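Student: Let me give you the structure first, and then I'll get to my questions.
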Amino acid sequence: MEKILVAKIGGNVIEDEKVLASFLQDFSKVKGPKILVHGGGKMATKLADKLGVKTEMIDGRRITSSENLDIVLMTYAGVLNKKIVAALQKNNCNALGLTGADGNVIQAQKRPPQFVDYGYVGDIVKVDGVIIKNWLEQNIVPVFCAVTHDTSGQLLNTNADTIASEIAAAMSPFYEVSLFYCFELQGVLEDIEDKSSIIEYIDQLKYKELQDQNVISAGMLPKLKNCFDALKKNVNEVHIANADFVKDNSIKHTTLCL
Ligand SMILES: Nc1ncnc2c1ncn2[C@@H]1O[C@H](COP(=O)(O)OP(=O)(O)O)[C@@H](O)[C@H]1O
Ligand SMILES: CC(=O)N[C@@H](CCC(=O)OP(=O)(O)O)C(=O)O
């Protein structure tokens with residue numbers, strides 16, 4: 001089976017112009033089919049602050065009012081997605097910027113309010129792996145932002161880590177899939193104050209231990225859950241690593257295993 005890379009970059013990589021430019025250059029050089037998923041939560045929060053709109057996050061997920069949704073769309077589907085696509089094009093990488101509504105590629109449903117009402121937040125129902133495969137076969141590099149839709153006209157905010165995990169899973173019938181979560185640190189840390197305390201392997205037992213000891217928090221909570229979800233859905237490899245990992249796979253990082 002042919003190999004494919006699904007890479008995800010988040011807020012801290014996107015915020016740092018130099019790091020982002022260097023990541024996109026390295027990503028462009030990766031041979032073979034590849035997909036990029038990006039977040040940008042930090043930038044959406046900054047825009048909300050500027051506009052005087054309140055931001056509330058619970059367990060790493062944004063409570064998304066209709067005002068927040070517009071901010072999220074402007075930031076993720078607008079400024080960020082298009083800037084990333086243009087930078088990839090500059091590097092001769094034929095990127096196609098997408099939300100989940102484009103080509104009906106990611107269908108979601110609004111999360112029903114239970115203990116928390118997350119507002120316009122979508123849980124993914126279906127990813128159309130075939131349409132993505134068709135793009136890849138045309139040497140197009142799909143670039144997804146953190147937006148999905150419910151097929152009834154409602155756009156929804158969806159965690160970018162979850163989008164990466166579900167897209168990776170949807171590609172697994174066709175490719176041998178490697179999923180890289182690229183961020184500003186070197187991997188998951190045993191002690192958040194000690195940047196060198198990288199945990200090289202995390203299985204489900206270790207994951208539970210880390211949760212029980214409160215070693216992981218904020219955005220790392222959904223990230224790890226998404227990693228295991230991907231592995232359970234036949235994604236071959238999942239790594240959490242620094243953005244440099246895309247050019248140098250030998251740097252120390254975290255590998256997830258079931
Ligand atoms: N044990 C941990 N090891 C590494 N990062 C952690 C840990 N616990 C919490 N974090 C936080 O999780 C963040 C990564 O999640 P997130 O903010 O969603 O990143 P991104 O937007 O890049 O996906 C790190 O920046 C860090 O602040
Ligand atoms: C529902 C939800 O929380 N969506 C995320 C989507 C963006 C994202 O995931 O961005 P990072 O990868 O930079 O964190 C949010 O709005 O923050």
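All residue names refer to the structure tokens as shown: chains lettered A, B, ... in order, residues numbered from 1 in each chain, ligands numbered from 1 in order.
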Could you list, as a PyMOL selection string, every residue within 6 Å of Val127 of chain A, counting only C-alpha atoms and ignoring same-chain residues fewer than 2 positions away?
Tutor: chain A and resi 105-106+129
Student: Just write the chosen residues, C-alpha atoms, as a PDB file, in the first residue's frame.
Tutor:
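Okay, this is what ended up in again-v3.pdb:
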ATOM      1  CA  VAL A 105     -16.154  16.252   2.457  1.00  0.00           C
ATOM      2  CA  ILE A 106     -16.760  16.354   6.238  1.00  0.00           C
ATOM      3  CA  GLY A 129     -12.314   9.461   1.802  1.00  0.00           C
TER       4      GLY A 129
END
Student: Show me which residues are within 10 Å of ligand 1 counting only C-alpha atoms and all ligand atoms, and format the list as number ranges by chain.
Tutor: A: 8-15, 38-42, 59-61, 159-161, 181-195, 197-199, 210-211, 214-224, 240-243, 254
Student: Keeping only C-alpha atoms, write the selected residues to a file as a PDB file, in the first residue's frame.
Tutor:
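Result file part01.pdb:
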ATOM      1  CA  LYS A   8      -1.716  18.702  11.803  1.00  0.00           C
ATOM      2  CA  ILE A   9      -0.397  22.056  13.001  1.00  0.00           C
ATOM      3  CA  GLY A  10      -1.922  24.050  15.807  1.00  0.00           C
ATOM      4  CA  GLY A  11      -2.062  27.520  17.237  1.00  0.00           C
ATOM      5  CA  ASN A  12       1.483  27.952  18.513  1.00  0.00           C
ATOM      6  CA  VAL A  13       3.107  26.860  15.248  1.00  0.00           C
ATOM      7  CA  ILE A  14       0.752  29.046  13.218  1.00  0.00           C
ATOM      8  CA  GLU A  15       1.315  32.090  15.460  1.00  0.00           C
ATOM      9  CA  HIS A  38      -4.596  23.293  10.688  1.00  0.00           C
ATOM     10  CA  GLY A  39      -6.122  24.798  13.791  1.00  0.00           C
ATOM     11  CA  GLY A  40      -5.625  28.377  14.886  1.00  0.00           C
ATOM     12  CA  GLY A  41      -7.492  28.570  18.166  1.00  0.00           C
ATOM     13  CA  LYS A  42      -5.095  31.168  19.580  1.00  0.00           C
ATOM     14  CA  ASP A  59     -11.417  20.760  28.284  1.00  0.00           C
ATOM     15  CA  GLY A  60      -9.616  22.340  25.329  1.00  0.00           C
ATOM     16  CA  ARG A  61     -12.823  22.954  23.360  1.00  0.00           C
ATOM     17  CA  ASN A 159     -11.472  20.632  16.913  1.00  0.00           C
ATOM     18  CA  ALA A 160      -8.637  20.454  14.363  1.00  0.00           C
ATOM     19  CA  ASP A 161      -7.045  17.449  16.114  1.00  0.00           C
ATOM     20  CA  TYR A 181       0.533  16.113  15.399  1.00  0.00           C
ATOM     21  CA  CYS A 182       3.118  18.896  15.127  1.00  0.00           C
ATOM     22  CA  PHE A 183       3.337  21.503  17.871  1.00  0.00           C
ATOM     23  CA  GLU A 184       5.809  23.804  19.614  1.00  0.00           C
ATOM     24  CA  LEU A 185       7.140  21.301  22.194  1.00  0.00           C
ATOM     25  CA  GLN A 186       9.101  18.096  21.475  1.00  0.00           C
ATOM     26  CA  GLY A 187       6.331  15.727  22.567  1.00  0.00           C
ATOM     27  CA  VAL A 188       4.151  14.888  25.559  1.00  0.00           C
ATOM     28  CA  LEU A 189       6.046  15.830  28.717  1.00  0.00           C
ATOM     29  CA  GLU A 190       6.140  13.990  32.042  1.00  0.00           C
ATOM     30  CA  ASP A 191       6.666  17.392  33.693  1.00  0.00           C
ATOM     31  CA  ILE A 192       5.323  20.404  31.795  1.00  0.00           C
ATOM     32  CA  GLU A 193       8.023  22.588  33.436  1.00  0.00           C
ATOM     33  CA  ASP A 194      10.803  20.355  32.095  1.00  0.00           C
ATOM     34  CA  LYS A 195      10.932  20.552  28.290  1.00  0.00           C
ATOM     35  CA  SER A 197      11.006  15.173  29.979  1.00  0.00           C
ATOM     36  CA  ILE A 198       9.621  13.763  26.707  1.00  0.00           C
ATOM     37  CA  ILE A 199       7.603  10.571  27.051  1.00  0.00           C
ATOM     38  CA  LEU A 210      -1.070  10.424  32.929  1.00  0.00           C
ATOM     39  CA  GLN A 211      -4.733  11.389  33.263  1.00  0.00           C
ATOM     40  CA  ASN A 214      -3.069  15.196  36.073  1.00  0.00           C
ATOM     41  CA  VAL A 215       0.064  15.313  33.912  1.00  0.00           C
ATOM     42  CA  ILE A 216      -1.954  16.285  30.837  1.00  0.00           C
ATOM     43  CA  SER A 217      -4.312  19.218  30.588  1.00  0.00           C
ATOM     44  CA  ALA A 218      -5.939  21.710  28.230  1.00  0.00           C
ATOM     45  CA  GLY A 219      -5.418  20.985  24.509  1.00  0.00           C
ATOM     46  CA  MET A 220      -3.404  17.843  25.271  1.00  0.00           C
ATOM     47  CA  LEU A 221      -6.559  16.107  26.547  1.00  0.00           C
ATOM     48  CA  PRO A 222      -8.455  16.031  23.222  1.00  0.00           C
ATOM     49  CA  LYS A 223      -5.171  15.507  21.347  1.00  0.00           C
ATOM     50  CA  LEU A 224      -4.375  12.228  23.097  1.00  0.00           C
ATOM     51  CA  ILE A 240       3.137  13.910  18.639  1.00  0.00           C
ATOM     52  CA  ALA A 241       6.230  15.926  17.840  1.00  0.00           C
ATOM     53  CA  ASN A 242       7.824  19.274  17.214  1.00  0.00           C
ATOM     54  CA  ALA A 243       7.127  20.934  13.853  1.00  0.00           C
ATOM     55  CA  THR A 254       6.174  10.848  21.440  1.00  0.00           C
TER      56      THR A 254
END
Student: Need the shell around segment 141-148 of chain A: protein/DNA/RNA residues with any atom at most 7 Å away, counting only C-alpha atoms. Skip same-chain ones fewer than 3 positions apart. Format as a PDB file with N, CA and C atoms, in the first residue's frame?
Tutor:
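Dumped everything to selection-v3.pdb:
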ATOM      1  N   LYS A  34      -0.087  13.680   0.544  1.00  0.00           N
ATOM      2  CA  LYS A  34      -0.073  14.279   1.895  1.00  0.00           C
ATOM      3  C   LYS A  34      -1.264  15.210   2.063  1.00  0.00           C
ATOM      4  N   ILE A  35      -1.635  15.378   3.312  1.00  0.00           N
ATOM      5  CA  ILE A  35      -2.778  16.221   3.669  1.00  0.00           C
ATOM      6  C   ILE A  35      -2.341  17.065   4.862  1.00  0.00           C
ATOM      7  N   LEU A  36      -2.757  18.333   4.863  1.00  0.00           N
ATOM      8  CA  LEU A  36      -2.464  19.186   6.021  1.00  0.00           C
ATOM      9  C   LEU A  36      -3.779  19.610   6.676  1.00  0.00           C
ATOM     10  N   VAL A  37      -3.804  19.543   8.001  1.00  0.00           N
ATOM     11  CA  VAL A  37      -4.940  20.045   8.777  1.00  0.00           C
ATOM     12  C   VAL A  37      -4.388  21.121   9.699  1.00  0.00           C
ATOM     13  N   HIS A  38      -5.086  22.261   9.774  1.00  0.00           N
ATOM     14  CA  HIS A  38      -4.596  23.293  10.688  1.00  0.00           C
ATOM     15  C   HIS A  38      -5.688  23.768  11.631  1.00  0.00           C
ATOM     16  N   GLY A  39      -5.227  24.168  12.821  1.00  0.00           N
ATOM     17  CA  GLY A  39      -6.122  24.798  13.791  1.00  0.00           C
ATOM     18  C   GLY A  39      -5.934  26.304  13.691  1.00  0.00           C
ATOM     19  N   TYR A  76     -10.246  30.769  10.700  1.00  0.00           N
ATOM     20  CA  TYR A  76      -9.776  29.467  10.203  1.00  0.00           C
ATOM     21  C   TYR A  76      -9.955  29.344   8.681  1.00  0.00           C
ATOM     22  N   ALA A  77     -11.226  29.546   8.235  1.00  0.00           N
ATOM     23  CA  ALA A  77     -11.523  29.324   6.811  1.00  0.00           C
ATOM     24  C   ALA A  77     -11.032  30.489   5.954  1.00  0.00           C
ATOM     25  N   ASN A  81      -6.435  29.733   6.508  1.00  0.00           N
ATOM     26  CA  ASN A  81      -6.440  28.733   5.437  1.00  0.00           C
ATOM     27  C   ASN A  81      -5.854  29.310   4.150  1.00  0.00           C
ATOM     28  N   ASN A  94       0.879  22.050  -4.631  1.00  0.00           N
ATOM     29  CA  ASN A  94      -0.435  22.440  -5.169  1.00  0.00           C
ATOM     30  C   ASN A  94      -1.562  22.236  -4.143  1.00  0.00           C
ATOM     31  N   ALA A  95      -1.619  23.172  -3.206  1.00  0.00           N
ATOM     32  CA  ALA A  95      -2.560  23.074  -2.083  1.00  0.00           C
ATOM     33  C   ALA A  95      -3.962  23.529  -2.482  1.00  0.00           C
ATOM     34  N   LEU A  96      -4.949  22.847  -1.896  1.00  0.00           N
ATOM     35  CA  LEU A  96      -6.360  23.209  -2.101  1.00  0.00           C
ATOM     36  C   LEU A  96      -6.975  23.415  -0.712  1.00  0.00           C
ATOM     37  N   GLY A  97      -7.351  24.649  -0.404  1.00  0.00           N
ATOM     38  CA  GLY A  97      -7.875  24.973   0.929  1.00  0.00           C
ATOM     39  C   GLY A  97      -9.343  24.616   1.058  1.00  0.00           C
ATOM     40  N   LEU A  98      -9.689  23.949   2.160  1.00  0.00           N
ATOM     41  CA  LEU A  98     -11.049  23.422   2.296  1.00  0.00           C
ATOM     42  C   LEU A  98     -11.606  23.553   3.706  1.00  0.00           C
ATOM     43  N   THR A  99     -12.918  23.775   3.778  1.00  0.00           N
ATOM     44  CA  THR A  99     -13.652  23.464   5.014  1.00  0.00           C
ATOM     45  C   THR A  99     -14.315  22.114   4.735  1.00  0.00           C
ATOM     46  N   GLY A 100     -14.961  21.550   5.729  1.00  0.00           N
ATOM     47  CA  GLY A 100     -15.672  20.290   5.523  1.00  0.00           C
ATOM     48  C   GLY A 100     -16.895  20.436   4.637  1.00  0.00           C
ATOM     49  N   ALA A 101     -17.350  21.678   4.422  1.00  0.00           N
ATOM     50  CA  ALA A 101     -18.520  21.895   3.552  1.00  0.00           C
ATOM     51  C   ALA A 101     -18.134  21.830   2.073  1.00  0.00           C
ATOM     52  N   ILE A 106     -16.626  16.758   4.816  1.00  0.00           N
ATOM     53  CA  ILE A 106     -16.760  16.354   6.238  1.00  0.00           C
ATOM     54  C   ILE A 106     -18.138  16.755   6.757  1.00  0.00           C
ATOM     55  N   GLN A 107     -18.971  15.757   6.979  1.00  0.00           N
ATOM     56  CA  GLN A 107     -20.303  16.004   7.551  1.00  0.00           C
ATOM     57  C   GLN A 107     -20.223  15.838   9.068  1.00  0.00           C
ATOM     58  N   ALA A 108     -20.951  16.723   9.743  1.00  0.00           N
ATOM     59  CA  ALA A 108     -20.920  16.678  11.213  1.00  0.00           C
ATOM     60  C   ALA A 108     -22.321  16.932  11.747  1.00  0.00           C
ATOM     61  N   GLY A 122     -19.278  20.968  16.099  1.00  0.00           N
ATOM     62  CA  GLY A 122     -19.726  19.784  15.369  1.00  0.00           C
ATOM     63  C   GLY A 122     -18.941  18.541  15.732  1.00  0.00           C
ATOM     64  N   LEU A 136      -5.989  13.654  -4.261  1.00  0.00           N
ATOM     65  CA  LEU A 136      -4.583  13.249  -4.079  1.00  0.00           C
ATOM     66  C   LEU A 136      -4.023  12.668  -5.376  1.00  0.00           C
ATOM     67  N   LEU A 155     -22.694  25.783   9.351  1.00  0.00           N
ATOM     68  CA  LEU A 155     -21.268  25.506   9.528  1.00  0.00           C
ATOM     69  C   LEU A 155     -21.004  25.276  11.007  1.00  0.00           C
ATOM     70  N   LEU A 156     -20.040  24.434  11.320  1.00  0.00           N
ATOM     71  CA  LEU A 156     -19.766  24.078  12.715  1.00  0.00           C
ATOM     72  C   LEU A 156     -18.266  24.115  13.001  1.00  0.00           C
ATOM     73  N   ASN A 157     -17.931  24.553  14.202  1.00  0.00           N
ATOM     74  CA  ASN A 157     -16.545  24.579  14.655  1.00  0.00           C
ATOM     75  C   ASN A 157     -16.176  23.190  15.168  1.00  0.00           C
ATOM     76  N   THR A 158     -15.088  22.635  14.647  1.00  0.00           N
ATOM     77  CA  THR A 158     -14.694  21.271  15.047  1.00  0.00           C
ATOM     78  C   THR A 158     -13.207  21.265  15.363  1.00  0.00           C
ATOM     79  N   ASN A 159     -12.872  20.694  16.489  1.00  0.00           N
ATOM     80  CA  ASN A 159     -11.472  20.632  16.913  1.00  0.00           C
ATOM     81  C   ASN A 159     -10.580  20.095  15.783  1.00  0.00           C
ATOM     82  N   ALA A 160      -9.502  20.819  15.501  1.00  0.00           N
ATOM     83  CA  ALA A 160      -8.637  20.454  14.363  1.00  0.00           C
ATOM     84  C   ALA A 160      -7.949  19.102  14.585  1.00  0.00           C
ATOM     85  N   ILE A 163     -10.413  16.556  13.466  1.00  0.00           N
ATOM     86  CA  ILE A 163     -10.488  16.507  12.003  1.00  0.00           C
ATOM     87  C   ILE A 163      -9.312  15.687  11.452  1.00  0.00           C
TER      88      ILE A 163
END
Student: Record the distance separating atom CA of Thr255 of chain A and atom CA of Glu200 of chain A, expressed in Å with one decimal.
Tutor: 6.0 Å
Student: Would you mind telling me which residue in A:Val30, A:Val85, A:Val121, A:Leu20 lies nearest to ligand 2 when using only C-alpha atoms and all ligand atoms?
Tutor: A:Val121
Student: So that I can check the surroundings of Lys3 of chain A, please list as a PDB file with C-alpha atoms, in the first residue's frame every protein, DNA and RNA residue that reaches within 7 Å of it, counting only C-alpha atoms and ignoring chain neighbours fewer than 5 positions away.
Tutor:
ATOM      1  CA  TYR A 175      -3.157   4.057   2.154  1.00  0.00           C
ATOM      2  CA  GLU A 176      -0.703   3.218   4.904  1.00  0.00           C
ATOM      3  CA  VAL A 177      -1.337   6.303   7.039  1.00  0.00           C
TER       4      VAL A 177
END
Student: Residues at most 9 Å from Gly32 of chain A, counting only C-alpha atoms, excluding those fewer than 6 positions away in the same chain, as a count of residues only?
Tutor: 5
Student: What separation in Å, quoted to one decimal, exists between atom CA of His253 of chain A and atom CA of His239 of chain A?
Tutor: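 Calculated distance between atom CA of His253 of chain A and atom CA of His239 of chain A is 7.3 Å.
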Student: Measure the distance from atom CA of Lys54 of chain A to atom 8 (C, counted along the ligand's line) of ligand 2 in Å and round it to one decimal.
Tutor: 16.7 Å
Student: Within 10 Å of Ile71 of chain A, counting only C-alpha atoms, which residues show up once you throw out same-chain ones fewer than 2 positions away? Write them as number ranges by chain, please.
Tutor: A: 43-48, 51, 53, 64-69, 73-78
Student: Print the selection's residues with C-alpha atoms to a file, as a short mmCIF file (atom, residue, chain, number, x, y, z; two decimals), in the first residue's frame.
Tutor:
data_model
loop_
_atom_site.label_atom_id
_atom_site.label_comp_id
_atom_site.auth_asym_id
_atom_site.auth_seq_id
_atom_site.Cartn_x
_atom_site.Cartn_y
_atom_site.Cartn_z
CA MET A 43 -5.66 33.53 16.66
CA ALA A 44 -9.46 33.18 16.96
CA THR A 45 -9.21 34.05 20.66
CA LYS A 46 -7.12 37.15 19.83
CA LEU A 47 -9.67 38.32 17.26
CA ALA A 48 -12.51 37.71 19.74
CA LEU A 51 -13.90 42.55 18.95
CA VAL A 53 -16.39 38.89 22.30
CA THR A 64 -19.03 28.56 20.18
CA SER A 65 -21.83 31.15 20.14
CA SER A 66 -23.01 32.48 16.76
CA GLU A 67 -20.66 35.46 17.25
CA ASN A 68 -17.78 33.10 18.05
CA LEU A 69 -18.67 31.02 15.00
CA LEU A 73 -14.91 31.22 10.18
CA MET A 74 -13.07 34.47 9.50
CA THR A 75 -9.96 33.15 11.18
CA TYR A 76 -9.78 29.47 10.20
CA ALA A 77 -11.52 29.32 6.81
CA GLY A 78 -10.44 32.87 5.87
#
